[in-house]
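Notes follow the structure.
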Amino acid sequence: MAKKTEKKKDDYRLYVKILWGLFLMPPLVLAACVLLARFGAFGPLPSTEDIANPKSYLATQIISSDNEVLGTFFRQNRVHAEFENLPTHLVEGLIATEDERFREHSAIDFRSLARAVVKGGSNGGASTLSQQLAKQLFTDNFDNVGIRERIQQKFKEWVIATQLEKQYTKDEIIVLYLNQFDFLYDAVGIHSAALTYFNCPPDSLKIHQSALLIGMVKNPALYNPVRFEERATNRRNTVFAQMVRNEVITQEEADSLSQLPLGLDFHRSSHTQGPAPYFREHVRSFMADWAANHKKPNGEPYNIYTDGLKIYTTIDSRMQAYAEESVREHLSNLQDIFFKVDGSRSTFPFRFYSGNAQQQIDQLLTQAMKQTPLYKRLDRQGASSDSINRAFNTPVELTVFTWDGPLDTVMTRMDSIRWMKSFYQAGMMSIEPQTGFVKVWVGGNDYRFFKYDNVVQARRQVGSTFKPFVYATAIEQKHYSPCMEVPNVLTCIDRGQYGLMQDWCPENSDGDYGGVVTLKQGLAKSMNTITTYLMKQVGPIPVIRLARRMGIEADIPEVPSIALGTVDLSVYEMVGSYTTFANRGRYTKPIFITRIEDKNGVVLAEFMPEQERVMSEENAYTIVNLMTGVTQSGTGVRLRTTSANYRYNHATGYPWDFQNEIAGKTGTTQNQSDGWFMGMVPNLITGVWTGCQDRSAHFGSITYGQGATTALPIWANFMRRCYNDPDLNVSQEPFPEPEYPMTIELNCNEYRNTQNSGFDSNTGSDEFN
């Protein structure tokens, strides 16, 4: 009996030990696994330094002068958001949905862990925000590996999460989490997500918008609002329910919010789309050179894709938008006319005036074909000419440019080349002459299809927009008055003079001759006879020297024909050079970046305006006075058109009725290949070039092909928008006169009285006596 009793006691003790063993085994195993993970048995762990400074790729931001983000350069499109910029409903909604006891636990929520073990995760996972952050920052993606590796990963997450909790406050963990999460479409972090899905910064998110982004955290691909609207809406409403459960919002608020549509304003971050894409590409090129020559404190070069730099530019985002709208508005209209007027020709869009036109077109298209990536790839692979030609002449599915948006169509690649060459392009730049700050940069129609930048890369004949250089040289050398009269007769520069091999006798484009005209009238009407007369007086070399001092860097041949704009220049050079006239004789070098900061706001570089005295204030003001005649009574007079005397013309647009003083110059090159307009008001110079990619593609008629029709309306539409926005402070005042008395007479009545009285023999009025 005693033995049986003793045996029962032994059995009882054994059962107790087993029960205690079963009870203690899981935590002991867990503790052992955690210790093993802590000491690296399951793979390396981040160092204390890594925990304190987790590696994170930050996008470099391009910021406008009015503090708008124009775009980013990135490996991961992440811009750091501060906790104070996060709405309370975003933070509390995230906690309510993903980690209800976030403020209470220290990295591991054992209650949620136990629930997940017992119920198999049916009521939610056990990972806290700290663990999720640890996974994002320091562990690899184990979604497609075995159970053992995933268990090891979980223990590593626990260890890293506890270290994160020691290193950071709860608010800092929230910020790290939201800055690290990938919301799809290159939207890494809450800042990029808010801009991508709702086109606003995080602090402007509304409750229903925050809830949508929070809902994506569970599985961004599954709850992608762009692809799965209903699924994303249901998930958003689940977030509302969690916010009610945790007393963040009331049930009434949740019911009301649940009725709202998603309200996406989707803008995927892309370097080929968005505001000022051509400008951003120019900044990228500049920054690549800058970064290669500037080192961090640790000696490494800066990386514009990962270091989170801030590039503060001179571009005004509002003016940039107005410029892009104006280009689109006019060129889409002009393109319709081009198709209607010339589109039925067999050689469209090209015109050749000698030789075999079709043969020249074939040569042009073949040359363009050889510049394509496809041709270069096939050529490297050793493909035969026949197979390459088949590849380019077989209909395939393609996406081509139209002003109504990208068009998915079926055509041969060769036909697509011809199609793209049929579009009129534009290059447009605005500058503040007193500072050199570039305010607007439009390099083409659509960067997705046309990568060539017509502001800085393209150099095209400038036509009559070069004539002010000739007039300025003559005024500097001869002290001519704009009122000086010159016979409107065919003027020749003889063979042998200035190296000419034959007589040069340019004609007026309208064929109108006779009588005498003032210099101001000659420039206003863009009379070649008057400009030729001035070139004959001064010669090409002084004109070239002046152009060099005014910022022109392109080669200019030492021939008289440059007087009529036969030289190829860029919009960038032309607009920059005109600052000399508007800035009282001082050339101001264009500047497009004011400063560069690192991710912590430390200024790495600053850029200041550079100016040089080129001519006197008096001479500069005289040129401005000459150029105002262009818009008062010359080739730019349509700027003064009012609704009362306006006859509608699809090519020119609507009446503009500008009343303020405007100095300008139109330009049209041979065969209407290029159209220009340079327009100035006291604090803004804007230059516009228009034309097709190839000079042989153009209107056949001067009516439609002249700069006053192709380029001037873009300037006018842009300026009208600027004047309708008083916050821009674009001047409508007259150009300021020199502070000291003028010695060049600008009043033609006074000038004539002086001449009739026999005074002021220095004006050159005796040239024809």
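The chains in the structure tokens are called A, B, ... from first to last as shown; in each chain the residues are counted from 1, and the ligands are counted from 1 in the order shown.
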Give me the residues near range 389-399 of chain A as a PyMOL selection string, where near means some atom within 8 Å (using only C-alpha atoms) and where sequence neighbours in that chain fewer than 3 positions away do not count. chain A and resi 385-386+406-415
Taking 5 positions as the minimum chain separation for residues in the same chain, which residues sit within 10 Å of Asn528 in chain A when counting only C-alpha atoms? Answer as a PyMOL selection string. chain A and resi 464+467+488-491+505-510+522-523+533-534+563-564
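You can rank A:Tyr452, A:Tyr578, A:Phe592, A:Phe469 by their closest distance to Val543 in chain A using only C-alpha atoms, and at the top of that list sits A:Phe469.
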From a DSSP calculation on the backbone, collect every residue of range 511-577 of chain A in helix (DSSP H, G or I) and output the set as a ChimeraX atom specification. /A:519-524,528-538,540-549,560-564,571-577
Using only C-alpha atoms, tabulate the residues of range 521-582 of chain A lying at most 12 Å from any atom of range 633-639 of chain A, each with its closest atom pair and that distance in Å to one decimal, by chain and increasing residue number, as CSV.
```
residue,atom,partner,partner_atom,distance
A:Gln521,CA,A:Gly634,CA,7.5
A:Gly522,CA,A:Gly634,CA,8.9
A:Leu523,CA,A:Gly634,CA,7.9
A:Ala524,CA,A:Gly634,CA,4.2
A:Lys525,CA,A:Gly634,CA,4.8
A:Ser526,CA,A:Thr635,CA,7.3
A:Met527,CA,A:Gly634,CA,10.2
```
Can I get the selected residues back with all heavy atoms, as a tab-separated table (two decimals), in the first residue's frame?
```
chain	number	residue	atom	x	y	z
A	521	GLN	N	11.74	102.62	-88.49
A	521	GLN	CA	10.81	102.00	-89.43
A	521	GLN	C	11.45	100.81	-90.13
A	521	GLN	O	10.80	99.80	-90.39
A	521	GLN	CB	10.36	103.04	-90.46
A	521	GLN	CG	9.46	104.12	-89.89
A	521	GLN	CD	9.23	105.25	-90.88
A	521	GLN	OE1	10.08	105.54	-91.73
A	521	GLN	NE2	8.09	105.92	-90.76
A	522	GLY	N	12.73	100.94	-90.43
A	522	GLY	CA	13.44	99.85	-91.11
A	522	GLY	C	13.48	98.59	-90.27
A	522	GLY	O	13.29	97.48	-90.79
A	523	LEU	N	13.71	98.74	-88.95
A	523	LEU	CA	13.71	97.57	-88.07
A	523	LEU	C	12.30	97.06	-87.85
A	523	LEU	O	12.06	95.84	-87.82
A	523	LEU	CB	14.37	97.91	-86.73
A	523	LEU	CG	14.57	96.72	-85.78
A	523	LEU	CD1	15.53	95.70	-86.38
A	523	LEU	CD2	15.07	97.18	-84.41
A	524	ALA	N	11.36	98.00	-87.70
A	524	ALA	CA	9.97	97.60	-87.46
A	524	ALA	C	9.44	96.75	-88.60
A	524	ALA	O	8.76	95.74	-88.38
A	524	ALA	CB	9.10	98.84	-87.26
A	525	LYS	N	9.76	97.15	-89.84
A	525	LYS	CA	9.28	96.42	-91.01
A	525	LYS	C	10.26	95.34	-91.45
A	525	LYS	O	10.03	94.64	-92.43
A	525	LYS	CB	9.06	97.39	-92.17
A	525	LYS	CG	8.06	98.50	-91.90
A	525	LYS	CD	6.65	97.96	-91.76
A	525	LYS	CE	5.63	99.10	-91.62
A	525	LYS	NZ	4.25	98.61	-91.47
A	526	SER	N	11.35	95.20	-90.70
A	526	SER	CA	12.38	94.19	-90.97
A	526	SER	C	12.89	94.30	-92.41
A	526	SER	O	13.02	93.30	-93.12
A	526	SER	CB	11.82	92.78	-90.72
A	526	SER	OG	12.87	91.88	-90.43
A	527	MET	N	13.21	95.53	-92.82
A	527	MET	CA	13.67	95.78	-94.19
A	527	MET	C	15.13	95.36	-94.32
A	527	MET	O	16.01	95.90	-93.64
A	527	MET	CB	13.50	97.25	-94.54
A	527	MET	CG	12.07	97.72	-94.60
A	527	MET	SD	11.96	99.48	-95.00
A	527	MET	CE	10.18	99.71	-95.04
```
Please return as a ChimeraX atom specification: the residues of range 485-571 of chain A that backbone DSSP assigns to strand (DSSP E or B). /A:485-487,493,504,516-518,568-569
How would the residues just picked look written out with all heavy atoms as a compact mmCIF listing (two decimals), in the first residue's frame?
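Saved result, result_9.txt, follows:
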```txt
# COMPACT_ATOMS: atom_id res chain seq x y z
N GLU A 485 17.13 108.95 -91.45
CA GLU A 485 16.44 108.44 -92.62
C GLU A 485 17.42 107.84 -93.62
O GLU A 485 18.51 108.38 -93.84
CB GLU A 485 15.62 109.55 -93.28
CG GLU A 485 14.47 110.03 -92.41
CD GLU A 485 13.64 111.11 -93.08
OE1 GLU A 485 14.18 111.81 -93.96
OE2 GLU A 485 12.45 111.25 -92.73
N VAL A 486 17.01 106.70 -94.19
CA VAL A 486 17.83 105.96 -95.15
C VAL A 486 16.94 105.61 -96.34
O VAL A 486 15.79 105.19 -96.16
CB VAL A 486 18.41 104.68 -94.51
CG1 VAL A 486 19.24 103.90 -95.52
CG2 VAL A 486 19.24 105.01 -93.29
N PRO A 487 17.45 105.77 -97.57
CA PRO A 487 16.63 105.39 -98.73
C PRO A 487 16.33 103.89 -98.75
O PRO A 487 17.20 103.06 -98.49
CB PRO A 487 17.51 105.76 -99.93
CG PRO A 487 18.45 106.78 -99.41
CD PRO A 487 18.72 106.40 -97.98
N ILE A 493 26.67 95.23 -101.14
CA ILE A 493 28.05 95.25 -100.65
C ILE A 493 28.88 94.59 -101.74
O ILE A 493 28.61 93.44 -102.12
CB ILE A 493 28.18 94.52 -99.31
CG1 ILE A 493 27.32 95.24 -98.24
CG2 ILE A 493 29.64 94.46 -98.86
CD1 ILE A 493 27.38 94.60 -96.87
N TRP A 504 26.85 91.30 -103.07
CA TRP A 504 25.76 90.80 -102.20
C TRP A 504 24.70 91.88 -102.13
O TRP A 504 24.93 92.96 -101.59
CB TRP A 504 26.32 90.46 -100.82
CG TRP A 504 25.30 89.87 -99.88
CD1 TRP A 504 24.62 88.71 -100.04
CD2 TRP A 504 24.85 90.44 -98.64
NE1 TRP A 504 23.78 88.50 -98.98
CE2 TRP A 504 23.89 89.54 -98.09
CE3 TRP A 504 25.16 91.60 -97.94
CZ2 TRP A 504 23.25 89.78 -96.89
CZ3 TRP A 504 24.52 91.84 -96.73
CH2 TRP A 504 23.58 90.93 -96.21
N VAL A 516 12.18 107.09 -98.46
CA VAL A 516 13.14 107.00 -97.36
C VAL A 516 12.40 106.55 -96.12
O VAL A 516 11.21 106.84 -95.94
CB VAL A 516 13.85 108.35 -97.10
CG1 VAL A 516 14.73 108.74 -98.28
CG2 VAL A 516 12.85 109.44 -96.78
N VAL A 517 13.09 105.84 -95.26
CA VAL A 517 12.51 105.38 -93.99
C VAL A 517 13.50 105.64 -92.88
O VAL A 517 14.72 105.71 -93.10
CB VAL A 517 12.16 103.87 -94.04
CG1 VAL A 517 11.10 103.58 -95.08
CG2 VAL A 517 13.40 103.04 -94.29
N THR A 518 12.99 105.79 -91.68
CA THR A 518 13.88 105.93 -90.53
C THR A 518 14.43 104.57 -90.14
O THR A 518 13.90 103.52 -90.55
CB THR A 518 13.12 106.52 -89.33
OG1 THR A 518 12.11 105.58 -88.92
CG2 THR A 518 12.49 107.86 -89.68
N ASP A 568 23.52 80.25 -87.07
CA ASP A 568 22.75 79.31 -86.25
C ASP A 568 23.03 79.56 -84.78
O ASP A 568 24.19 79.44 -84.33
CB ASP A 568 23.12 77.87 -86.60
CG ASP A 568 22.60 77.43 -87.96
OD1 ASP A 568 21.88 78.21 -88.59
OD2 ASP A 568 22.94 76.31 -88.39
N LEU A 569 22.00 79.88 -84.01
CA LEU A 569 22.14 80.13 -82.58
C LEU A 569 21.02 79.40 -81.83
O LEU A 569 20.02 79.00 -82.42
CB LEU A 569 22.07 81.63 -82.28
CG LEU A 569 23.12 82.53 -82.94
CD1 LEU A 569 22.85 83.98 -82.60
CD2 LEU A 569 24.52 82.14 -82.51
```
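The gap separating CA of His330 in chain A from CA of Tyr723 in chain A is 18.2 Å, in Å to one decimal.
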With only C-alpha atoms as the counted atoms, please give the residues lying no more than 12 Å from Glu324 in chain A, apart from itself and same-chain residues fewer than 3 positions off, as a PyMOL selection string. chain A and resi 274-278+317-321+327-332+426-429+440-446+688+714-715+717-718+721
Can you pull out the residues contacting range 738-751 of chain A? Cut-off 6 Å, using only C-alpha atoms, and skip same-chain residues under 5 positions away; I want them as JSON, numbers by chain. {"A": [481, 483, 617]}
Of the candidates A:Tyr223, A:Ile562, A:Gly436, A:Ser570, which shows the shortest atom-to-atom distance to Tyr587 in chain A, using only C-alpha atoms? A:Gly436
Shortest interatomic distance to Thr366 in chain A - which of A:Ile417, A:Ala383, A:Leu728, A:Ala472, counting only C-alpha atoms: A:Ile417
Quick one: everything within 12 Å of Ile62 in chain A, counting only C-alpha atoms, minus sequence neighbours fewer than 3 positions away in the same chain. Send it as a count of residues only. 41
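Note that CA of Ala708 in chain A and CA of Cys692 in chain A are 16.2 Å apart.
Separating CA of Ser192 in chain A from CA of Leu176 in chain A is a distance of 14.0 Å.
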